[in-house]
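Asker: Provided below: protein_29.cif, containing mmCIF, C-alpha atoms.
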data_start
loop_
_atom_site.group_PDB
_atom_site.id
_atom_site.type_symbol
_atom_site.label_atom_id
_atom_site.label_comp_id
_atom_site.auth_asym_id
_atom_site.auth_seq_id
_atom_site.Cartn_x
_atom_site.Cartn_y
_atom_site.Cartn_z
ATOM 1 C CA MET A 1352 79.121 115.387 68.526
ATOM 2 C CA SER A 1353 78.208 112.235 66.622
ATOM 3 C CA GLU A 1354 75.601 112.347 63.849
ATOM 4 C CA ARG A 1355 72.236 110.846 64.720
ATOM 5 C CA PRO A 1356 71.441 107.541 62.952
ATOM 6 C CA LEU A 1357 69.241 107.824 59.859
ATOM 7 C CA SER A 1358 66.422 105.921 61.588
ATOM 8 C CA GLU A 1359 66.279 108.564 64.344
ATOM 9 C CA ARG A 1360 66.251 111.676 62.177
ATOM 10 C CA PRO A 1361 63.049 113.683 61.696
ATOM 11 C CA LEU A 1362 60.993 112.315 58.817
ATOM 12 C CA ASP A 1363 61.232 113.890 55.366
ATOM 13 C CA LEU A 1364 57.575 114.652 54.621
ATOM 14 C CA GLY A 1365 58.095 114.163 50.859
ATOM 15 C CA TRP A 1366 57.332 110.485 51.357
ATOM 16 C CA ILE A 1367 53.826 110.873 52.704
ATOM 17 C CA ARG A 1368 51.801 110.806 49.467
ATOM 18 C CA VAL A 1369 53.841 107.906 48.081
ATOM 19 C CA PHE A 1370 53.266 105.840 51.211
ATOM 20 C CA GLU A 1371 49.535 106.686 51.315
ATOM 21 C CA ALA A 1372 49.102 105.546 47.699
ATOM 22 C CA VAL A 1373 51.043 102.306 48.282
ATOM 23 C CA GLY A 1374 49.052 101.508 51.407
ATOM 24 C CA ARG A 1375 45.711 102.326 49.788
ATOM 25 C CA LEU A 1376 46.355 100.500 46.506
ATOM 26 C CA GLY A 1377 48.436 97.608 47.861
ATOM 27 C CA SER A 1378 50.811 97.819 44.913
ATOM 28 C CA LEU A 1379 54.027 99.702 44.200
ATOM 29 C CA THR A 1380 53.288 99.596 40.481
ATOM 30 C CA MET A 1381 49.747 100.935 40.803
ATOM 31 C CA ALA A 1382 50.921 103.665 43.180
ATOM 32 C CA ALA A 1383 53.619 104.691 40.701
ATOM 33 C CA ARG A 1384 51.059 104.828 37.886
ATOM 34 C CA GLU A 1385 48.627 106.950 39.928
ATOM 35 C CA LEU A 1386 51.334 109.379 41.022
ATOM 36 C CA GLY A 1387 53.035 109.616 37.640
ATOM 37 C CA LEU A 1388 56.294 108.171 38.985
ATOM 38 C CA SER A 1389 58.467 105.240 37.985
ATOM 39 C CA GLN A 1390 58.144 102.006 39.944
ATOM 40 C CA PRO A 1391 61.830 102.119 41.002
ATOM 41 C CA ALA A 1392 61.299 105.633 42.396
ATOM 42 C CA VAL A 1393 58.403 104.417 44.543
ATOM 43 C CA SER A 1394 60.413 101.375 45.703
ATOM 44 C CA TYR A 1395 63.331 103.613 46.658
ATOM 45 C CA THR A 1396 61.058 105.922 48.665
ATOM 46 C CA MET A 1397 59.624 102.987 50.578
ATOM 47 C CA ARG A 1398 63.094 101.525 51.323
ATOM 48 C CA MET A 1399 64.313 104.896 52.599
ATOM 49 C CA LEU A 1400 61.221 105.267 54.797
ATOM 50 C CA GLU A 1401 61.758 101.799 56.272
ATOM 51 C CA GLU A 1402 65.400 102.700 56.971
ATOM 52 C CA GLN A 1403 64.344 105.858 58.769
ATOM 53 C CA LEU A 1404 61.868 103.963 60.951
ATOM 54 C CA GLY A 1405 64.102 100.919 61.384
ATOM 55 C CA THR A 1406 61.356 98.399 60.575
ATOM 56 C CA PRO A 1407 59.635 96.864 57.528
ATOM 57 C CA LEU A 1408 56.377 98.582 56.611
ATOM 58 C CA LEU A 1409 55.318 96.268 53.780
ATOM 59 C CA LEU A 1410 54.871 92.532 53.387
ATOM 60 C CA ARG A 1411 55.949 92.072 49.787
ATOM 61 C CA GLY A 1412 54.506 89.179 47.772
ATOM 62 C CA HIS A 1413 54.059 88.019 44.178
ATOM 63 C CA ARG A 1414 50.551 89.519 44.009
ATOM 64 C CA GLY A 1415 51.370 92.879 45.515
ATOM 65 C CA SER A 1416 52.217 94.390 48.860
ATOM 66 C CA THR A 1417 50.265 94.480 52.093
ATOM 67 C CA LEU A 1418 50.900 96.603 55.127
ATOM 68 C CA ALA A 1419 52.807 95.079 58.021
ATOM 69 C CA PRO A 1420 51.519 96.042 61.502
ATOM 70 C CA PRO A 1421 53.926 99.031 61.767
ATOM 71 C CA GLY A 1422 52.822 100.057 58.273
ATOM 72 C CA GLN A 1423 49.170 99.933 59.293
ATOM 73 C CA THR A 1424 49.880 102.288 62.188
ATOM 74 C CA LEU A 1425 51.710 104.737 59.950
ATOM 75 C CA TYR A 1426 49.104 104.435 57.181
ATOM 76 C CA ARG A 1427 46.271 105.561 59.447
ATOM 77 C CA ALA A 1428 48.164 108.750 60.238
ATOM 78 C CA ALA A 1429 49.331 109.293 56.653
ATOM 79 C CA ALA A 1430 45.871 108.802 55.132
ATOM 80 C CA ALA A 1431 44.332 111.277 57.565
ATOM 81 C CA ALA A 1432 47.113 113.798 56.919
ATOM 82 C CA VAL A 1433 46.850 113.489 53.117
ATOM 83 C CA GLY A 1434 43.096 113.944 53.288
ATOM 84 C CA GLU A 1435 43.356 117.051 55.441
ATOM 85 C CA LEU A 1436 46.139 118.495 53.301
ATOM 86 C CA ASP A 1437 44.120 117.952 50.100
ATOM 87 C CA ILE A 1438 41.094 119.685 51.636
ATOM 88 C CA ALA A 1439 43.273 122.601 52.701
ATOM 89 C CA ALA A 1440 44.864 122.830 49.245
ATOM 90 C CA ARG A 1441 41.455 122.956 47.554
ATOM 91 C CA ALA A 1442 40.333 125.672 49.955
ATOM 92 C CA ILE A 1443 43.443 127.726 49.256
ATOM 93 C CA ARG A 1444 42.976 127.379 45.496
ATOM 94 C CA ARG A 1445 39.369 128.539 45.809
ATOM 95 C CA MET A 1446 40.542 131.559 47.804
ATOM 96 C CA ASN A 1447 42.977 132.508 45.047
ATOM 97 C CA ARG A 1448 40.569 131.889 42.176
ATOM 98 C CA ARG A 1449 38.264 134.536 40.718
ATOM 99 C CA PRO A 1450 34.626 133.937 41.711
ATOM 100 C CA VAL A 1451 32.587 132.273 38.959
ATOM 101 C CA VAL A 1452 28.795 132.559 38.644
ATOM 102 C CA ARG A 1453 26.854 130.248 36.327
ATOM 103 C CA LEU A 1454 23.693 131.676 34.776
ATOM 104 C CA PHE A 1455 21.396 129.058 33.249
ATOM 105 C CA THR A 1456 18.837 130.433 30.785
ATOM 106 C CA ASP A 1457 17.365 129.969 27.301
ATOM 107 C CA TYR A 1458 18.835 131.112 23.995
ATOM 108 C CA GLY A 1459 16.522 134.100 23.672
ATOM 109 C CA PHE A 1460 17.299 135.665 27.053
ATOM 110 C CA ALA A 1461 21.011 134.866 26.714
ATOM 111 C CA SER A 1462 21.309 136.413 23.234
ATOM 112 C CA PHE A 1463 19.035 139.451 23.485
ATOM 113 C CA TRP A 1464 19.121 140.481 27.134
ATOM 114 C CA MET A 1465 22.137 139.078 28.981
ATOM 115 C CA MET A 1466 24.977 139.096 26.472
ATOM 116 C CA PRO A 1467 24.625 142.791 25.501
ATOM 117 C CA ARG A 1468 24.887 143.620 29.230
ATOM 118 C CA VAL A 1469 27.707 141.323 30.353
ATOM 119 C CA ALA A 1470 30.280 144.092 29.901
ATOM 120 C CA ALA A 1471 28.225 146.354 32.185
ATOM 121 C CA PHE A 1472 28.240 143.734 34.951
ATOM 122 C CA ARG A 1473 31.996 143.266 34.546
ATOM 123 C CA ARG A 1474 32.461 146.967 35.180
ATOM 124 C CA VAL A 1475 30.541 146.595 38.433
ATOM 125 C CA ARG A 1476 32.227 143.309 39.456
ATOM 126 C CA PRO A 1477 35.514 143.071 37.507
ATOM 127 C CA ASP A 1478 36.686 140.254 39.781
ATOM 128 C CA THR A 1479 33.767 137.936 38.877
ATOM 129 C CA GLU A 1480 33.425 135.670 35.846
ATOM 130 C CA VAL A 1481 29.923 135.014 34.504
ATOM 131 C CA HIS A 1482 29.388 131.761 32.611
ATOM 132 C CA VAL A 1483 26.150 132.006 30.618
ATOM 133 C CA ILE A 1484 24.813 128.492 29.942
ATOM 134 C CA ALA A 1485 22.100 128.681 27.277
ATOM 135 C CA SER A 1486 19.860 125.703 26.570
ATOM 136 C CA ALA A 1487 16.502 124.827 25.081
ATOM 137 C CA SER A 1488 15.779 122.828 28.246
ATOM 138 C CA THR A 1489 13.178 124.141 30.664
ATOM 139 C CA ASP A 1490 15.313 123.251 33.681
ATOM 140 C CA PRO A 1491 19.061 122.927 34.373
ATOM 141 C CA ARG A 1492 19.191 119.123 34.412
ATOM 142 C CA GLY A 1493 17.334 118.971 37.710
ATOM 143 C CA ASP A 1494 20.561 118.670 39.706
ATOM 144 C CA ASP A 1495 20.703 122.179 41.199
ATOM 145 C CA ALA A 1496 23.877 122.791 39.213
ATOM 146 C CA GLU A 1497 23.217 126.460 38.481
ATOM 147 C CA ASP A 1498 24.024 129.469 40.643
ATOM 148 C CA VAL A 1499 21.260 131.558 39.009
ATOM 149 C CA ALA A 1500 18.544 130.467 36.579
ATOM 150 C CA VAL A 1501 16.410 132.768 34.420
ATOM 151 C CA LEU A 1502 13.698 130.637 32.821
ATOM 152 C CA PHE A 1503 10.449 131.165 30.960
ATOM 153 C CA GLY A 1504 7.138 129.803 32.192
ATOM 154 C CA ALA A 1505 4.101 130.329 34.384
ATOM 155 C CA ARG A 1506 4.030 131.310 38.045
ATOM 156 C CA THR A 1507 3.056 127.737 38.912
ATOM 157 C CA ASP A 1508 6.238 126.408 37.262
ATOM 158 C CA PHE A 1509 8.492 128.036 39.846
ATOM 159 C CA PRO A 1510 9.025 127.945 43.616
ATOM 160 C CA ALA A 1511 7.712 130.732 45.799
ATOM 161 C CA HIS A 1512 11.130 132.391 46.133
ATOM 162 C CA ALA A 1513 11.454 132.892 42.346
ATOM 163 C CA THR A 1514 11.097 136.500 41.164
ATOM 164 C CA GLN A 1515 9.301 137.520 37.977
ATOM 165 C CA LEU A 1516 11.559 139.670 35.803
ATOM 166 C CA LEU A 1517 9.380 140.116 32.717
ATOM 167 C CA GLU A 1518 5.708 139.438 32.089
ATOM 168 C CA GLU A 1519 4.858 137.787 28.790
ATOM 169 C CA ARG A 1520 3.998 140.515 26.314
ATOM 170 C CA VAL A 1521 4.263 139.890 22.574
ATOM 171 C CA VAL A 1522 3.670 142.109 19.567
ATOM 172 C CA PRO A 1523 3.891 141.345 15.819
ATOM 173 C CA VAL A 1524 7.142 142.719 14.372
ATOM 174 C CA CYS A 1525 8.942 142.797 11.043
ATOM 175 C CA GLY A 1526 11.655 144.729 9.269
ATOM 176 C CA PRO A 1527 10.819 148.335 8.270
ATOM 177 C CA ARG A 1528 11.278 147.624 4.546
ATOM 178 C CA PHE A 1529 8.971 144.616 4.793
ATOM 179 C CA ALA A 1530 6.355 146.772 6.543
ATOM 180 C CA ALA A 1531 6.623 149.491 3.888
ATOM 181 C CA ARG A 1532 6.475 147.025 0.993
ATOM 182 C CA HIS A 1533 3.288 145.438 2.318
ATOM 183 C CA GLN A 1534 1.819 148.737 3.541
ATOM 184 C CA LEU A 1535 1.464 147.459 7.075
ATOM 185 C CA GLY A 1536 0.137 149.691 9.798
ATOM 186 C CA THR A 1537 -1.598 148.353 12.887
ATOM 187 C CA GLU A 1538 -4.455 146.530 11.113
ATOM 188 C CA PRO A 1539 -4.342 142.934 12.414
ATOM 189 C CA GLY A 1540 -6.271 141.496 9.470
ATOM 190 C CA ARG A 1541 -3.475 142.226 7.013
ATOM 191 C CA ILE A 1542 -0.943 140.148 8.956
ATOM 192 C CA GLY A 1543 -2.742 136.877 8.250
ATOM 193 C CA ALA A 1544 -2.056 137.179 4.518
ATOM 194 C CA LEU A 1545 1.713 137.376 5.047
ATOM 195 C CA PRO A 1546 4.411 134.759 5.756
ATOM 196 C CA LEU A 1547 4.657 134.113 9.484
ATOM 197 C CA LEU A 1548 7.788 133.175 11.423
ATOM 198 C CA HIS A 1549 7.182 130.523 14.092
ATOM 199 C CA LEU A 1550 9.284 129.519 17.070
ATOM 200 C CA GLU A 1551 9.175 125.731 17.283
ATOM 201 C CA SER A 1552 7.819 124.394 20.555
ATOM 202 C CA THR A 1553 6.643 121.270 22.330
ATOM 203 C CA PRO A 1554 3.049 119.997 21.907
ATOM 204 C CA ARG A 1555 2.227 122.035 25.043
ATOM 205 C CA PRO A 1556 4.112 125.302 24.457
ATOM 206 C CA ARG A 1557 5.060 127.487 27.408
ATOM 207 C CA TRP A 1558 4.874 130.712 25.405
ATOM 208 C CA PHE A 1559 2.407 132.446 23.075
ATOM 209 C CA GLY A 1560 2.182 131.294 19.478
ATOM 210 C CA TRP A 1561 0.562 132.812 16.421
ATOM 211 C CA ALA A 1562 -2.660 130.858 17.058
ATOM 212 C CA ASP A 1563 -2.977 132.607 20.445
ATOM 213 C CA TRP A 1564 -2.460 136.038 18.897
ATOM 214 C CA PHE A 1565 -5.031 135.538 16.106
ATOM 215 C CA ALA A 1566 -7.577 134.080 18.542
ATOM 216 C CA ALA A 1567 -7.158 137.060 20.899
ATOM 217 C CA ASN A 1568 -7.825 139.422 18.000
ATOM 218 C CA GLY A 1569 -10.880 137.504 16.740
ATOM 219 C CA LEU A 1570 -9.150 136.340 13.570
ATOM 220 C CA ALA A 1571 -8.799 132.966 11.894
ATOM 221 C CA ARG A 1572 -5.694 131.987 10.001
ATOM 222 C CA GLN A 1573 -4.683 128.600 8.615
ATOM 223 C CA PRO A 1574 -1.061 127.455 8.340
ATOM 224 C CA SER A 1575 0.556 128.465 5.060
ATOM 225 C CA SER A 1576 3.348 126.920 2.998
ATOM 226 C CA ASN A 1577 4.979 130.354 3.036
ATOM 227 C CA ASP A 1578 5.412 130.214 6.823
ATOM 228 C CA LEU A 1579 8.795 129.417 8.312
ATOM 229 C CA SER A 1580 9.458 127.517 11.570
ATOM 230 C CA LEU A 1581 12.769 127.963 13.385
ATOM 231 C CA ASN A 1582 14.121 126.221 16.477
ATOM 232 C CA THR A 1583 15.683 129.183 18.328
ATOM 233 C CA TYR A 1584 14.364 132.660 18.952
ATOM 234 C CA GLY A 1585 17.572 134.212 17.655
ATOM 235 C CA LEU A 1586 16.884 132.722 14.228
ATOM 236 C CA VAL A 1587 13.294 133.980 14.333
ATOM 237 C CA VAL A 1588 14.472 137.538 14.990
ATOM 238 C CA GLN A 1589 17.179 137.320 12.332
ATOM 239 C CA ALA A 1590 14.610 136.114 9.779
ATOM 240 C CA ALA A 1591 12.310 139.037 10.640
ATOM 241 C CA ILE A 1592 15.170 141.532 10.266
ATOM 242 C CA ALA A 1593 15.999 139.902 6.906
ATOM 243 C CA ASP A 1594 12.417 140.553 5.681
ATOM 244 C CA GLN A 1595 11.465 136.868 5.619
ATOM 245 C CA GLY A 1596 8.112 137.461 7.338
ATOM 246 C CA VAL A 1597 6.364 138.599 10.510
ATOM 247 C CA ALA A 1598 7.435 137.377 13.950
ATOM 248 C CA LEU A 1599 6.070 137.653 17.455
ATOM 249 C CA GLY A 1600 8.382 139.908 19.432
ATOM 250 C CA TRP A 1601 8.740 139.355 23.181
ATOM 251 C CA ALA A 1602 9.017 142.467 25.331
ATOM 252 C CA GLY A 1603 12.396 142.622 27.020
ATOM 253 C CA LEU A 1604 14.082 140.719 24.201
ATOM 254 C CA ILE A 1605 13.361 142.868 21.137
ATOM 255 C CA ASP A 1606 13.245 146.290 22.861
ATOM 256 C CA GLY A 1607 16.636 147.277 21.482
ATOM 257 C CA ALA A 1608 15.669 146.349 17.915
ATOM 258 C CA LEU A 1609 12.456 148.375 18.215
ATOM 259 C CA ALA A 1610 14.348 151.345 19.669
ATOM 260 C CA ASP A 1611 16.918 151.479 16.868
ATOM 261 C CA GLY A 1612 14.374 150.814 14.112
ATOM 262 C CA THR A 1613 15.754 147.423 13.087
ATOM 263 C CA LEU A 1614 12.272 146.043 13.767
ATOM 264 C CA VAL A 1615 8.889 147.783 13.811
ATOM 265 C CA ALA A 1616 5.698 146.793 15.643
ATOM 266 C CA ILE A 1617 2.749 146.279 13.286
ATOM 267 C CA GLY A 1618 -0.086 145.039 15.494
ATOM 268 C CA PRO A 1619 -1.605 145.126 18.976
ATOM 269 C CA PRO A 1620 0.175 143.380 21.855
ATOM 270 C CA LEU A 1621 -0.938 140.240 23.654
ATOM 271 C CA VAL A 1622 -0.225 140.059 27.396
ATOM 272 C CA ARG A 1623 -0.252 137.258 29.979
ATOM 273 C CA ALA A 1624 0.778 138.659 33.354
ATOM 274 C CA ASP A 1625 1.338 135.366 35.177
ATOM 275 C CA HIS A 1626 3.762 134.111 32.489
ATOM 276 C CA GLY A 1627 7.184 135.379 31.533
ATOM 277 C CA TYR A 1628 10.777 135.189 32.684
ATOM 278 C CA TRP A 1629 11.480 134.237 36.290
ATOM 279 C CA LEU A 1630 14.715 134.441 38.254
ATOM 280 C CA ARG A 1631 15.411 131.472 40.488
ATOM 281 C CA PRO A 1632 18.506 131.481 42.711
ATOM 282 C CA GLY A 1633 20.359 128.217 43.086
ATOM 283 C CA PRO A 1634 20.755 126.572 46.489
ATOM 284 C CA ASP A 1635 22.962 128.527 48.902
ATOM 285 C CA PRO A 1636 24.011 131.235 46.401
ATOM 286 C CA SER A 1637 27.518 132.648 46.820
ATOM 287 C CA PRO A 1638 28.138 136.369 47.428
ATOM 288 C CA ALA A 1639 29.070 136.726 43.749
ATOM 289 C CA ALA A 1640 25.808 135.041 42.701
ATOM 290 C CA CYS A 1641 23.841 137.375 44.996
ATOM 291 C CA ASP A 1642 25.593 140.330 43.371
ATOM 292 C CA LEU A 1643 24.558 139.091 39.915
ATOM 293 C CA ILE A 1644 20.958 138.601 41.081
ATOM 294 C CA ASP A 1645 20.811 142.120 42.524
ATOM 295 C CA TRP A 1646 22.336 143.551 39.347
ATOM 296 C CA ILE A 1647 19.854 141.764 37.028
ATOM 297 C CA GLU A 1648 16.916 142.994 39.120
ATOM 298 C CA ARG A 1649 18.262 146.579 39.080
ATOM 299 C CA GLU A 1650 18.705 146.451 35.310
ATOM 300 C CA MET A 1651 15.149 145.185 34.896
ATOM 301 C CA ARG A 1652 13.785 148.019 37.067
ATOM 302 C CA ALA A 1653 15.780 150.534 35.025
ATOM 303 C CA ASP A 1654 14.334 149.082 31.802
ATOM 304 C CA ARG A 1655 10.783 149.380 33.159
ATOM 305 C CA ASP A 1656 11.375 152.943 34.346
ATOM 306 C CA ALA A 1657 12.736 153.909 30.923
ATOM 307 C CA ALA A 1658 9.730 152.351 29.182
ATOM 308 C CA ASP A 1659 7.283 154.221 31.473
ATOM 309 C CA SER A 1660 8.966 157.596 31.040
#
With the file now loaded, output its structure as structure tokens.
Answerer:
Amino acid sequence: MSERPLSERPLDLGWIRVFEAVGRLGSLTMAARELGLSQPAVSYTMRMLEEQLGTPLLLRGHRGSTLAPPGQTLYRAAAAAVGELDIAARAIRRMNRRPVVRLFTDYGFASFWMMPRVAAFRRVRPDTEVHVIASASTDPRGDDAEDVAVLFGARTDFPAHATQLLEERVVPVCGPRFAARHQLGTEPGRIGALPLLHLESTPRPRWFGWADWFAANGLARQPSSNDLSLNTYGLVVQAAIADQGVALGWAGLIDGALADGTLVAIGPPLVRADHGYWLRPGPDPSPAACDLIDWIEREMRADRDAADS
């Protein structure tokens, strides 16, 4: 039985991406560069393909290569096949990859609430990676890039489907040695004579400041050169623990420090029920993102139950 001619044998599919790149770019050299191959290797592949089909596929010129009519017919099929194969490959890679959930929030919530609990979520969902993206921005770039956002603000700042996790409740706090040294109890008037720690904000702050706390308690207090302003809430808390002054402590963020005695409350709280932290799901959340949302809400309920008991 005689061997079938090369031009009649079934096609070797290894050529398909090379031909698609040559047809799309109109250049053997550019196709080689895109594919990470040598130009002679691409030329050889094209010559072998033309031998198999028994007809020229390219019209070669000084300024590049254009598709001959048979090449145009083959290119339409090759381009469609490459596109479908690439889509399938991406889908397969996603199937084999661990689910990733992006949580967009501010530095305070990331440092004091989420990060101490990440290990607990991993125990519940060991197959899911959580990427915590902390920023001073009030919104994740406005491009719906997050899977879950936990942001601070008023009810009117968020869509109807957002869920309030924490109401805004602040209380003056400092280190226990600082409180003992200055004989601080719960008398608000004494706090005004001490260095205050401020969280820097915009001209229209979204959260309580010291001026709000003094006004609510019927006190007047002018800025002092002994005060210290810091640009992240983590630094404010660290300065309070280091006995640098008195800070406003947000409920939900400094609960652990109050529980273990690292910080002590030294004045009455100030509450604003329609402000606080809100959870906003991203568009079309994945099953892994829904699991994270459910877990955060359960943890918040457990925290509230523990505080009420």
Asker: The PyMOL selection byres ((chain A and resi 1392-1395) around 9) - which residues does that actually catch in the file I just gave you? List them as a VMD selection string.
Answerer: chain A and resid 1369 to 1370 1373 1379 to 1380 1382 to 1383 1388 to 1391 1396 to 1400
Asker: By how many Å are atom CA of A:Arg1375 and atom CA of A:Pro1421 apart?
Answerer: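 According to the coordinates, atom CA of A:Arg1375 and atom CA of A:Pro1421 are separated by 14.9 Å.
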Asker: In the coordinate frame of the file, compute which residues have an atom within 12 Å of (2.0, 129.4, 0.5) when using only C-alpha atoms, and state them as a PDB file with C-alpha atoms, keeping the file's coordinate frame.
Answerer:
ATOM      1  CA  GLY A1543      -2.742 136.877   8.250  1.00  0.00           C
ATOM      2  CA  ALA A1544      -2.056 137.179   4.518  1.00  0.00           C
ATOM      3  CA  LEU A1545       1.713 137.376   5.047  1.00  0.00           C
ATOM      4  CA  PRO A1546       4.411 134.759   5.756  1.00  0.00           C
ATOM      5  CA  LEU A1547       4.657 134.113   9.484  1.00  0.00           C
ATOM      6  CA  GLN A1573      -4.683 128.600   8.615  1.00  0.00           C
ATOM      7  CA  PRO A1574      -1.061 127.455   8.340  1.00  0.00           C
ATOM      8  CA  SER A1575       0.556 128.465   5.060  1.00  0.00           C
ATOM      9  CA  SER A1576       3.348 126.920   2.998  1.00  0.00           C
ATOM     10  CA  ASN A1577       4.979 130.354   3.036  1.00  0.00           C
ATOM     11  CA  ASP A1578       5.412 130.214   6.823  1.00  0.00           C
ATOM     12  CA  LEU A1579       8.795 129.417   8.312  1.00  0.00           C
TER      13      LEU A1579
END
Asker: Counting only C-alpha atoms, which residue out of A:Pro1632, A:Pro1450, A:Gly1585, A:Gly1504 sits closest to A:Glu1551?
Answerer: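 Distance minimum relative to A:Glu1551 lands on A:Gly1585.
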Asker: Could you tell me, as a list in words, exactly which residues end up selected when the PyMOL selection byres ((chain A and resi 1530) around 10) is applied to this structure?
Answerer: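 Against this file, the PyMOL selection byres ((chain A and resi 1530) around 10) returns the residues Val1524, Cys1525, Gly1526, Pro1527, Arg1528, Phe1529, Ala1531, Arg1532, His1533, Gln1534, Leu1535, Gly1536, Asp1594, Gly1596, Val1597, Leu1614, Val1615, Ala1616 and Ile1617 of chain A.
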Asker: Please write as a list in words the full residue list that the PyMOL selection byres ((chain A and resi 1637) around 12) yields on this file.
Answerer: Pro1450, Val1451, Val1452, Arg1453, Thr1479, Glu1497, Asp1498, Val1499, Pro1632, Gly1633, Pro1634, Asp1635, Pro1636, Pro1638, Ala1639, Ala1640, Cys1641, Asp1642, Leu1643 and Ile1644 of chain A
Asker: Atom CA of A:Val1521 to atom CA of A:Ala1471: how many Å, to one decimal?
Answerer: 26.6 Å
Asker: Between atom CA of A:Val1501 and atom CA of A:Ala1602, measure the distance and give it in Å to one decimal.
Answerer: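 Atom CA of A:Ala1602 lies 15.2 Å from atom CA of A:Val1501.
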Asker: Contacts of A:Leu1586 at 12 Å or less, counting all atoms listed in the file, minus same-chain residues fewer than 4 places along, as a list in words?
Answerer: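 Close residues of A:Leu1586: Tyr1458, Gly1459, Ser1462, Phe1463, Leu1548, His1549, Leu1550, Glu1551, Leu1579, Ser1580, Leu1581, Asn1582, Ala1590, Ala1591, Ile1592, Ala1593, Gln1595 and Ala1598 of chain A.
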Asker: For A:Gly1540, list every protein, DNA or RNA residue within 10 Å, evaluated using all atoms listed in the file, and leave out those in the same chain fewer than 6 positions away; present the list as a list in words.
Answerer: Phe1565, Asn1568, Gly1569, Leu1570, Ala1571, Arg1572 and Gly1618 of chain A
Asker: Neighbouring residues of A:Pro1620 were defined as those with any atom within 10 Å, considering all atoms listed in the file; residues of the same chain fewer than 5 positions away were excluded. Please report them as a PDB file with C-alpha atoms, keeping the file's coordinate frame.
Answerer:
ATOM      1  CA  ARG A1520       3.998 140.515  26.314  1.00  0.00           C
ATOM      2  CA  VAL A1521       4.263 139.890  22.574  1.00  0.00           C
ATOM      3  CA  VAL A1522       3.670 142.109  19.567  1.00  0.00           C
ATOM      4  CA  PRO A1523       3.891 141.345  15.819  1.00  0.00           C
ATOM      5  CA  TRP A1564      -2.460 136.038  18.897  1.00  0.00           C
ATOM      6  CA  ALA A1567      -7.158 137.060  20.899  1.00  0.00           C
ATOM      7  CA  ASN A1568      -7.825 139.422  18.000  1.00  0.00           C
ATOM      8  CA  LEU A1599       6.070 137.653  17.455  1.00  0.00           C
ATOM      9  CA  GLY A1600       8.382 139.908  19.432  1.00  0.00           C
ATOM     10  CA  TRP A1601       8.740 139.355  23.181  1.00  0.00           C
ATOM     11  CA  ALA A1602       9.017 142.467  25.331  1.00  0.00           C
TER      12      ALA A1602
END
Asker: Just want the 7 Å neighbourhood of stretch 1405-1411 of chain A, counted on all atoms listed in the file, with same-chain residues fewer than 6 positions away dropped. Output as a list in words.
Answerer: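 Those residues are Ser1358, Thr1417, Leu1418, Ala1419, Pro1421 and Gly1422 of chain A.
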Asker: Need to verify the contact set: stretch 1433-1439 of chain A, 7 Å, all atoms listed in the file, exclusion of same-chain residues closer than 4 positions in sequence. Can you return it as a list in words?
Answerer: Arg1368, Ala1429 and Ile1443 of chain A
